[in-house]
$ cat input-v3.txt   # compact mmCIF, C-alpha atoms
# COMPACT_ATOMS: atom_id res chain seq x y z
CA ALA B 337 -77.10 -21.41 116.96
CA GLN B 338 -79.06 -18.35 117.99
CA LYS B 339 -77.15 -15.11 118.38
CA ILE B 340 -77.76 -11.41 119.00
CA THR B 341 -75.22 -8.82 117.88
CA GLN B 342 -75.04 -5.22 118.98
CA THR B 343 -72.10 -3.58 117.25
CA GLN B 344 -72.26 -0.12 118.86
CA PRO B 345 -70.58 -0.11 122.26
CA GLY B 346 -71.49 3.54 122.76
CA MET B 347 -73.74 6.13 121.15
CA PHE B 348 -73.97 9.85 121.79
CA VAL B 349 -76.96 12.03 121.02
CA GLN B 350 -78.22 15.49 121.89
CA GLU B 351 -81.49 16.06 123.66
CA LYS B 352 -84.54 16.11 121.37
CA GLU B 353 -82.73 14.28 118.59
CA ALA B 354 -83.66 10.80 117.39
CA VAL B 355 -81.23 7.91 117.75
CA THR B 356 -81.09 4.40 116.33
CA LEU B 357 -79.52 1.53 118.24
CA ASP B 358 -78.57 -1.40 116.05
CA CYS B 359 -79.36 -5.05 116.65
CA THR B 360 -78.92 -8.00 114.31
CA TYR B 361 -79.96 -11.54 115.10
CA ASP B 362 -79.39 -15.00 113.79
CA THR B 363 -81.87 -17.85 113.90
CA SER B 364 -83.39 -20.29 111.47
CA ASP B 365 -86.57 -20.73 113.53
CA PRO B 366 -89.57 -18.96 111.96
CA SER B 367 -91.03 -18.23 115.41
CA TYR B 368 -89.02 -15.82 117.52
CA GLY B 369 -89.46 -12.70 119.54
CA LEU B 370 -87.19 -9.68 119.77
CA PHE B 371 -87.05 -7.51 122.86
CA TRP B 372 -85.36 -4.33 123.95
CA TYR B 373 -84.52 -3.59 127.57
CA LYS B 374 -83.09 -0.48 129.20
CA GLN B 375 -80.67 -0.69 132.11
CA PRO B 376 -80.03 2.65 133.84
CA SER B 377 -76.99 3.13 136.04
CA SER B 378 -79.12 2.07 139.03
CA GLY B 379 -79.07 -1.45 137.56
CA GLU B 380 -82.68 -2.47 137.01
CA MET B 381 -83.74 -4.03 133.70
CA ILE B 382 -86.73 -2.25 132.17
CA PHE B 383 -88.72 -3.77 129.32
CA LEU B 384 -89.21 -1.32 126.45
CA ILE B 385 -90.63 -3.00 123.37
CA TYR B 386 -91.38 -6.40 121.80
CA GLN B 387 -91.60 -7.53 118.19
CA GLY B 388 -92.83 -10.98 117.24
CA SER B 389 -91.62 -12.59 114.03
CA TYR B 390 -95.23 -13.09 112.93
CA ASP B 391 -96.22 -9.50 113.57
CA GLN B 392 -97.09 -7.71 110.36
CA GLN B 393 -96.31 -4.22 111.61
CA ASN B 394 -93.33 -2.71 113.37
CA ALA B 395 -93.86 -2.32 117.09
CA THR B 396 -94.18 1.11 118.69
CA GLU B 397 -94.41 2.15 122.35
CA GLY B 398 -94.52 5.88 122.89
CA ARG B 399 -91.14 7.33 121.87
CA TYR B 400 -89.77 3.85 121.11
CA SER B 401 -90.20 2.08 117.83
CA LEU B 402 -88.63 -1.05 116.48
CA ASN B 403 -87.42 -1.04 112.89
CA PHE B 404 -87.89 -4.73 112.08
CA GLN B 405 -86.34 -5.89 108.82
CA LYS B 406 -86.80 -9.65 108.66
CA ALA B 407 -84.84 -10.22 105.46
CA ARG B 408 -81.84 -8.40 106.92
CA LYS B 409 -82.38 -10.00 110.34
CA SER B 410 -82.25 -6.65 112.02
CA ALA B 411 -84.35 -5.19 114.85
CA ASN B 412 -83.10 -1.69 115.47
CA LEU B 413 -84.50 0.42 118.28
CA VAL B 414 -85.39 3.99 117.39
CA ILE B 415 -85.80 6.51 120.19
CA SER B 416 -87.40 9.73 119.05
CA ALA B 417 -86.91 13.06 120.84
CA SER B 418 -84.19 11.82 123.21
CA GLN B 419 -84.31 12.94 126.83
CA LEU B 420 -81.55 13.13 129.45
CA GLY B 421 -83.26 10.26 131.26
CA ASP B 422 -82.69 8.01 128.25
CA SER B 423 -78.99 7.79 129.13
CA ALA B 424 -78.54 4.11 129.95
CA MET B 425 -77.38 0.76 128.63
CA TYR B 426 -79.74 -0.78 126.08
CA PHE B 427 -79.94 -4.51 125.48
CA CYS B 428 -81.44 -6.32 122.53
CA ALA B 429 -82.64 -9.84 123.32
CA MET B 430 -84.28 -12.72 121.50
CA ARG B 431 -86.30 -15.78 122.39
CA VAL B 432 -86.60 -18.56 119.86
CA ASP B 433 -89.30 -21.22 120.20
CA GLN B 434 -86.98 -24.02 119.13
CA ALA B 435 -84.44 -23.00 121.77
CA GLY B 436 -86.84 -22.95 124.71
CA THR B 437 -87.61 -20.42 127.39
CA ALA B 438 -84.41 -18.40 127.66
CA LEU B 439 -83.81 -14.88 126.44
CA ILE B 440 -80.49 -14.51 124.62
CA PHE B 441 -78.99 -11.08 125.16
CA GLY B 442 -76.62 -8.95 123.14
CA LYS B 443 -73.69 -7.18 124.76
CA GLY B 444 -75.56 -3.89 124.95
CA THR B 445 -75.10 -0.32 123.77
CA THR B 446 -74.46 2.58 126.12
CA LEU B 447 -76.46 5.63 125.14
CA SER B 448 -75.41 9.05 126.40
CA VAL B 449 -77.78 11.96 125.95
CA SER B 450 -76.41 15.47 126.41
CA SER B 451 -78.15 18.81 126.76
CA GLU L 475 -98.55 -1.17 137.45
CA PRO L 476 -97.66 -4.72 138.57
CA GLU L 477 -93.96 -5.38 138.97
CA VAL L 478 -91.49 -8.05 139.91
CA THR L 479 -90.04 -7.43 143.36
CA GLN L 480 -86.63 -8.67 144.47
CA THR L 481 -85.07 -8.69 147.91
CA PRO L 482 -82.54 -7.85 149.12
CA SER L 483 -81.22 -5.22 146.72
CA HIS L 484 -77.67 -5.96 147.85
CA GLN L 485 -76.33 -9.06 149.60
CA VAL L 486 -72.80 -9.41 150.89
CA THR L 487 -71.63 -12.87 151.90
CA GLN L 488 -68.48 -14.79 152.68
CA MET L 489 -67.19 -17.42 150.29
CA GLY L 490 -68.64 -20.83 151.13
CA GLN L 491 -71.81 -19.43 152.69
CA GLU L 492 -75.31 -20.17 151.47
CA VAL L 493 -77.45 -17.35 150.13
CA ILE L 494 -81.10 -17.15 149.22
CA LEU L 495 -82.28 -14.51 146.81
CA ARG L 496 -85.98 -13.78 146.89
CA CYS L 497 -88.44 -12.70 144.24
CA VAL L 498 -92.14 -12.00 144.07
CA PRO L 499 -93.24 -12.40 140.44
CA ILE L 500 -96.20 -10.56 138.94
CA SER L 501 -99.29 -12.19 140.40
CA ASN L 502 -100.98 -13.65 137.30
CA HIS L 503 -97.72 -14.80 135.70
CA LEU L 504 -97.04 -18.49 135.31
CA TYR L 505 -93.40 -18.60 134.16
CA PHE L 506 -90.50 -17.51 136.31
CA TYR L 507 -86.85 -17.05 135.46
CA TRP L 508 -83.47 -16.23 136.96
CA TYR L 509 -80.71 -14.49 135.04
CA ARG L 510 -77.36 -13.14 136.13
CA GLN L 511 -75.13 -10.35 134.93
CA ILE L 512 -71.50 -10.33 135.94
CA LEU L 513 -70.26 -6.73 136.09
CA GLY L 514 -69.71 -5.34 132.61
CA GLN L 515 -70.79 -8.52 130.89
CA LYS L 516 -73.81 -9.93 129.12
CA VAL L 517 -76.99 -11.01 130.84
CA GLU L 518 -77.00 -14.82 131.10
CA PHE L 519 -79.92 -17.18 131.57
CA LEU L 520 -79.81 -19.47 134.56
CA VAL L 521 -83.14 -21.25 134.87
CA SER L 522 -86.85 -21.15 134.06
CA PHE L 523 -89.61 -22.54 136.24
CA TYR L 524 -93.20 -23.49 135.52
CA ASN L 525 -95.83 -25.45 137.39
CA ASN L 526 -93.51 -26.04 140.33
CA GLU L 527 -90.71 -27.53 138.35
CA ILE L 528 -87.69 -26.47 136.36
CA SER L 529 -88.51 -26.06 132.66
CA GLU L 530 -85.02 -25.38 131.46
CA LYS L 531 -81.61 -24.66 132.93
CA SER L 532 -78.32 -23.48 131.53
CA GLU L 533 -74.92 -25.03 132.09
CA ILE L 534 -74.24 -22.31 134.66
CA PHE L 535 -77.04 -23.70 136.83
CA ASP L 536 -75.09 -26.54 138.42
CA ASP L 537 -75.70 -28.48 141.63
CA GLN L 538 -74.79 -25.41 143.72
CA PHE L 539 -77.96 -23.69 142.55
CA SER L 540 -81.56 -24.51 143.33
CA VAL L 541 -84.90 -22.79 142.90
CA GLU L 542 -88.09 -23.09 144.82
CA ARG L 543 -91.56 -21.65 145.00
CA PRO L 544 -92.15 -22.05 148.75
CA ASP L 545 -95.61 -20.48 148.70
CA GLY L 546 -98.07 -18.88 146.29
CA SER L 547 -96.13 -15.68 145.85
CA ASN L 548 -92.40 -16.14 146.41
CA PHE L 549 -89.78 -17.59 144.07
CA THR L 550 -86.28 -18.13 145.42
CA LEU L 551 -82.81 -18.84 144.12
CA LYS L 552 -80.46 -20.59 146.53
CA ILE L 553 -76.71 -20.79 146.07
CA ARG L 554 -75.47 -23.50 148.39
CA SER L 555 -71.81 -22.64 148.78
CA THR L 556 -70.92 -19.32 147.22
CA LYS L 557 -67.73 -18.77 145.25
CA LEU L 558 -66.02 -15.52 144.36
CA GLU L 559 -67.15 -15.92 140.77
CA ASP L 560 -70.80 -15.94 141.86
CA SER L 561 -70.50 -12.19 142.45
CA ALA L 562 -72.99 -10.68 140.03
CA MET L 563 -76.34 -8.99 139.67
CA TYR L 564 -79.10 -11.57 139.80
CA PHE L 565 -82.36 -10.80 138.08
CA CYS L 566 -85.67 -12.50 138.56
CA ALA L 567 -88.19 -12.26 135.72
CA SER L 568 -91.70 -13.49 135.05
CA SER L 569 -93.98 -13.85 132.04
CA GLU L 570 -97.70 -14.41 131.80
CA GLU L 571 -97.22 -17.52 129.73
CA LEU L 572 -94.66 -18.96 127.38
CA GLY L 573 -96.66 -19.02 124.18
CA LEU L 574 -95.29 -18.49 120.75
CA ALA L 575 -92.19 -16.34 120.76
CA GLY L 576 -93.20 -15.05 117.37
CA GLY L 577 -96.59 -13.72 118.28
CA GLY L 578 -98.25 -12.50 121.41
CA ASP L 579 -97.02 -10.20 124.10
CA LYS L 580 -97.89 -12.67 126.87
CA ASN L 581 -94.41 -14.10 126.50
CA ILE L 582 -92.73 -10.81 127.46
CA GLN L 583 -90.41 -11.33 130.40
CA TYR L 584 -90.59 -8.56 132.99
CA PHE L 585 -87.57 -8.18 135.21
CA GLY L 586 -87.14 -7.14 138.79
CA ALA L 587 -84.65 -4.51 139.92
CA GLY L 588 -82.06 -7.18 140.70
CA THR L 589 -80.05 -8.32 143.71
CA ARG L 590 -76.40 -7.42 143.66
CA LEU L 591 -74.52 -10.33 145.24
CA SER L 592 -71.00 -9.66 146.49
CA VAL L 593 -68.99 -12.70 147.60
CA LEU L 594 -65.93 -11.85 149.68

$ encode --input "input-v3.txt" --output "structure tokens"
Amino acid sequence: AQKITQTQPGMFVQEKEAVTLDCTYDTSDPSYGLFWYKQPSSGEMIFLIYQGSYDQQNATEGRYSLNFQKARKSANLVISASQLGDSAMYFCAMRVDQAGTALIFGKGTTLSVSS
Amino acid sequence: EPEVTQTPSHQVTQMGQEVILRCVPISNHLYFYWYRQILGQKVEFLVSFYNNEISEKSEIFDDQFSVERPDGSNFTLKIRSTKLEDSAMYFCASSEELGLAGGGDKNIQYFGAGTRLSVL
């Protein structure tokens, strides 16, 4: 069965520092996608970054990068130069071709950025 | 930048009433989805929709739920007779296509801001 695990309920970081949010996944399908979403306190779900299992390079989007380690089945989100506005809940999610159309979400990590 | 639009942002209803949650997906997207998030819990898949029919549904999506694309832009989720446990944030999402999960950003699902449903 497919599964996403986020083991850090909460993370704290100072402004301008980098932070890594952990995500491990479990699937036997060779074709899968990994996604990170940000949910601020206002509630919306904002797409941040996508990594496909066939992609040769780690994905980057501005200050976000995905540290994809296929052998370890990990897809950690790295936020460089944290900003106060990065304080939010962050969800790792996966879609597996064998399993269909649904995204499977982890439980999320709350990131708090302080000045 | 194109976005998924959901209305209303907050809906309050009495138990047993019918509610319709509305969504306008991104215009060139072909796949549409509904998810829900009970307060403090994980985001859960409800249903996906393509070419005017349900592609996939979860066990949560029972006979009380239905989806429809009544015109070329709207996508709706109807809950026929609401229960207290239906109280949640409901998210609509859309993707350009389904494609290979392992390659190609056209399968990225973009979410709306959500409708918070409160059943009293």

$ closest_residue --input "input-v3.txt" --among "B:Thr360, B:Thr437, B:Ser377, B:Asn412" --to "chain L" --atoms "only C-alpha atoms"
B:Thr437

$ closest_atom_pairs --input "input-v3.txt" --of "chain B" --to "chain L" --cutoff "6 Å" --atoms "all atoms listed in the file" --output "CSV"
residue,atom,partner,partner_atom,distance
B:Ser367,CA,L:Gly576,CA,4.3
B:Tyr368,CA,L:Gly576,CA,4.3
B:Gly369,CA,L:Ala575,CA,4.7
B:Glu380,CA,L:Ala587,CA,4.1
B:Met381,CA,L:Phe585,CA,5.8
B:Gly388,CA,L:Gly576,CA,4.1
B:Ser389,CA,L:Gly576,CA,4.4
B:Tyr390,CA,L:Gly576,CA,5.3
B:Asp433,CA,L:Ala575,CA,5.7
B:Lys443,CA,L:Lys516,CA,5.2

$ residues_around --input "input-v3.txt" --residues "Tyr373 (chain B)" --least-positions-apart "3" --cutoff "10 Å" --atoms "only C-alpha atoms" --output "PyMOL selection string"
(chain B and resi 376+380-386+425-429+441+444) or (chain L and resi 584-585)

$ atom_distance --input "input-v3.txt" --atom1 "CA of Asn394 (chain B)" --atom2 "CA of Gly421 (chain B)"
24.3 Å

$ closest_residue --input "input-v3.txt" --among "B:Cys359, B:Ala411, B:Ser416, B:Asp422" --to "Pro345 (chain B)" --atoms "only C-alpha atoms"
B:Cys359

$ residues_around --input "input-v3.txt" --residues "Glu351 (chain B)" --least-positions-apart "2" --cutoff "7 Å" --atoms "only C-alpha atoms" --output "list in words"
Val349, Glu353, Ala417, Ser418, Gln419, Leu420, Val449, Ser450 and Ser451 of chain B

$ residues_near_point --input "input-v3.txt" --point "(-74.9, -20.3, 149.0)" --cutoff "12 Å" --atoms "only C-alpha atoms" --output "VMD selection string"
chain L and resid 485 to 495 537 to 541 551 to 558 560 to 561 591 to 593

$ write_last_selection --input "input-v3.txt" --atoms "C-alpha atoms" --output "PDB file, in the frame of the given file"
ATOM      1  CA  GLN L 485     -76.330  -9.060 149.600  1.00  0.00           C
ATOM      2  CA  VAL L 486     -72.800  -9.410 150.890  1.00  0.00           C
ATOM      3  CA  THR L 487     -71.630 -12.870 151.900  1.00  0.00           C
ATOM      4  CA  GLN L 488     -68.480 -14.790 152.680  1.00  0.00           C
ATOM      5  CA  MET L 489     -67.190 -17.420 150.290  1.00  0.00           C
ATOM      6  CA  GLY L 490     -68.640 -20.830 151.130  1.00  0.00           C
ATOM      7  CA  GLN L 491     -71.810 -19.430 152.690  1.00  0.00           C
ATOM      8  CA  GLU L 492     -75.310 -20.170 151.470  1.00  0.00           C
ATOM      9  CA  VAL L 493     -77.450 -17.350 150.130  1.00  0.00           C
ATOM     10  CA  ILE L 494     -81.100 -17.150 149.220  1.00  0.00           C
ATOM     11  CA  LEU L 495     -82.280 -14.510 146.810  1.00  0.00           C
ATOM     12  CA  ASP L 537     -75.700 -28.480 141.630  1.00  0.00           C
ATOM     13  CA  GLN L 538     -74.790 -25.410 143.720  1.00  0.00           C
ATOM     14  CA  PHE L 539     -77.960 -23.690 142.550  1.00  0.00           C
ATOM     15  CA  SER L 540     -81.560 -24.510 143.330  1.00  0.00           C
ATOM     16  CA  VAL L 541     -84.900 -22.790 142.900  1.00  0.00           C
ATOM     17  CA  LEU L 551     -82.810 -18.840 144.120  1.00  0.00           C
ATOM     18  CA  LYS L 552     -80.460 -20.590 146.530  1.00  0.00           C
ATOM     19  CA  ILE L 553     -76.710 -20.790 146.070  1.00  0.00           C
ATOM     20  CA  ARG L 554     -75.470 -23.500 148.390  1.00  0.00           C
ATOM     21  CA  SER L 555     -71.810 -22.640 148.780  1.00  0.00           C
ATOM     22  CA  THR L 556     -70.920 -19.320 147.220  1.00  0.00           C
ATOM     23  CA  LYS L 557     -67.730 -18.770 145.250  1.00  0.00           C
ATOM     24  CA  LEU L 558     -66.020 -15.520 144.360  1.00  0.00           C
ATOM     25  CA  ASP L 560     -70.800 -15.940 141.860  1.00  0.00           C
ATOM     26  CA  SER L 561     -70.500 -12.190 142.450  1.00  0.00           C
ATOM     27  CA  LEU L 591     -74.520 -10.330 145.240  1.00  0.00           C
ATOM     28  CA  SER L 592     -71.000  -9.660 146.490  1.00  0.00           C
ATOM     29  CA  VAL L 593     -68.990 -12.700 147.600  1.00  0.00           C
TER      30      VAL L 593
END

$ atom_distance --input "input-v3.txt" --atom1 "CA of Asp545 (chain L)" --atom2 "CA of Pro499 (chain L)"
11.8 Å

$ residues_around --input "input-v3.txt" --residues "region 404-410 of chain B" --least-positions-apart "3" --cutoff "10 Å" --atoms "all atoms listed in the file" --output "list in words"
Ile340, Thr341, Asp358, Cys359, Thr360, Tyr361, Asp362, Thr363, Leu370, Gln387, Gly388, Ser389, Asp391, Gln392, Gln393, Asn394, Ala395, Ser401 and Leu413 of chain B

$ build_atoms --input "input-v3.txt" --residues "region 378-393 of chain B" --atoms "N, CA, C and O atoms" --output "mmCIF file, in the coordinates of the input"
data_model
loop_
_atom_site.group_PDB
_atom_site.id
_atom_site.type_symbol
_atom_site.label_atom_id
_atom_site.label_comp_id
_atom_site.auth_asym_id
_atom_site.auth_seq_id
_atom_site.Cartn_x
_atom_site.Cartn_y
_atom_site.Cartn_z
ATOM 1 N N SER B 378 -78.639 2.672 137.773
ATOM 2 C CA SER B 378 -79.120 2.070 139.030
ATOM 3 C C SER B 378 -79.226 0.547 138.934
ATOM 4 O O SER B 378 -79.354 -0.129 139.945
ATOM 5 N N GLY B 379 -79.204 0.008 137.727
ATOM 6 C CA GLY B 379 -79.070 -1.450 137.560
ATOM 7 C C GLY B 379 -80.302 -2.218 137.167
ATOM 8 O O GLY B 379 -80.169 -3.361 136.724
ATOM 9 N N GLU B 380 -81.497 -1.664 137.340
ATOM 10 C CA GLU B 380 -82.680 -2.470 137.010
ATOM 11 C C GLU B 380 -82.790 -2.691 135.502
ATOM 12 O O GLU B 380 -82.167 -1.989 134.725
ATOM 13 N N MET B 381 -83.569 -3.661 135.111
ATOM 14 C CA MET B 381 -83.740 -4.030 133.700
ATOM 15 C C MET B 381 -85.188 -3.728 133.341
ATOM 16 O O MET B 381 -86.107 -4.374 133.840
ATOM 17 N N ILE B 382 -85.382 -2.744 132.471
ATOM 18 C CA ILE B 382 -86.730 -2.250 132.170
ATOM 19 C C ILE B 382 -87.108 -2.673 130.759
ATOM 20 O O ILE B 382 -86.400 -2.357 129.789
ATOM 21 N N PHE B 383 -88.225 -3.373 130.632
ATOM 22 C CA PHE B 383 -88.720 -3.770 129.320
ATOM 23 C C PHE B 383 -89.199 -2.536 128.549
ATOM 24 O O PHE B 383 -89.906 -1.679 129.079
ATOM 25 N N LEU B 384 -88.797 -2.452 127.271
ATOM 26 C CA LEU B 384 -89.210 -1.320 126.450
ATOM 27 C C LEU B 384 -90.199 -1.712 125.352
ATOM 28 O O LEU B 384 -91.246 -1.075 125.197
ATOM 29 N N ILE B 385 -89.857 -2.741 124.574
ATOM 30 C CA ILE B 385 -90.630 -3.000 123.370
ATOM 31 C C ILE B 385 -90.389 -4.423 122.899
ATOM 32 O O ILE B 385 -89.303 -4.986 123.112
ATOM 33 N N TYR B 386 -91.426 -5.016 122.286
ATOM 34 C CA TYR B 386 -91.380 -6.400 121.800
ATOM 35 C C TYR B 386 -91.864 -6.447 120.359
ATOM 36 O O TYR B 386 -92.821 -5.759 119.985
ATOM 37 N N GLN B 387 -91.193 -7.279 119.568
ATOM 38 C CA GLN B 387 -91.600 -7.530 118.190
ATOM 39 C C GLN B 387 -91.617 -9.039 117.963
ATOM 40 O O GLN B 387 -90.598 -9.704 118.156
ATOM 41 N N GLY B 388 -92.755 -9.573 117.571
ATOM 42 C CA GLY B 388 -92.830 -10.980 117.240
ATOM 43 C C GLY B 388 -92.547 -11.192 115.767
ATOM 44 O O GLY B 388 -92.885 -10.340 114.929
ATOM 45 N N SER B 389 -91.977 -12.332 115.434
ATOM 46 C CA SER B 389 -91.620 -12.590 114.030
ATOM 47 C C SER B 389 -92.851 -12.685 113.141
ATOM 48 O O SER B 389 -92.764 -12.492 111.926
ATOM 49 N N TYR B 390 -94.004 -12.982 113.735
ATOM 50 C CA TYR B 390 -95.230 -13.090 112.930
ATOM 51 C C TYR B 390 -95.995 -11.773 112.854
ATOM 52 O O TYR B 390 -97.008 -11.684 112.164
ATOM 53 N N ASP B 391 -95.520 -10.784 113.595
ATOM 54 C CA ASP B 391 -96.220 -9.500 113.570
ATOM 55 C C ASP B 391 -96.031 -8.844 112.218
ATOM 56 O O ASP B 391 -94.913 -8.789 111.690
ATOM 57 N N GLN B 392 -97.134 -8.314 111.694
ATOM 58 C CA GLN B 392 -97.090 -7.710 110.360
ATOM 59 C C GLN B 392 -96.543 -6.289 110.396
ATOM 60 O O GLN B 392 -95.984 -5.805 109.418
ATOM 61 N N GLN B 393 -96.727 -5.621 111.535
ATOM 62 C CA GLN B 393 -96.310 -4.220 111.610
ATOM 63 C C GLN B 393 -95.177 -4.060 112.615
ATOM 64 O O GLN B 393 -95.048 -4.830 113.568
#
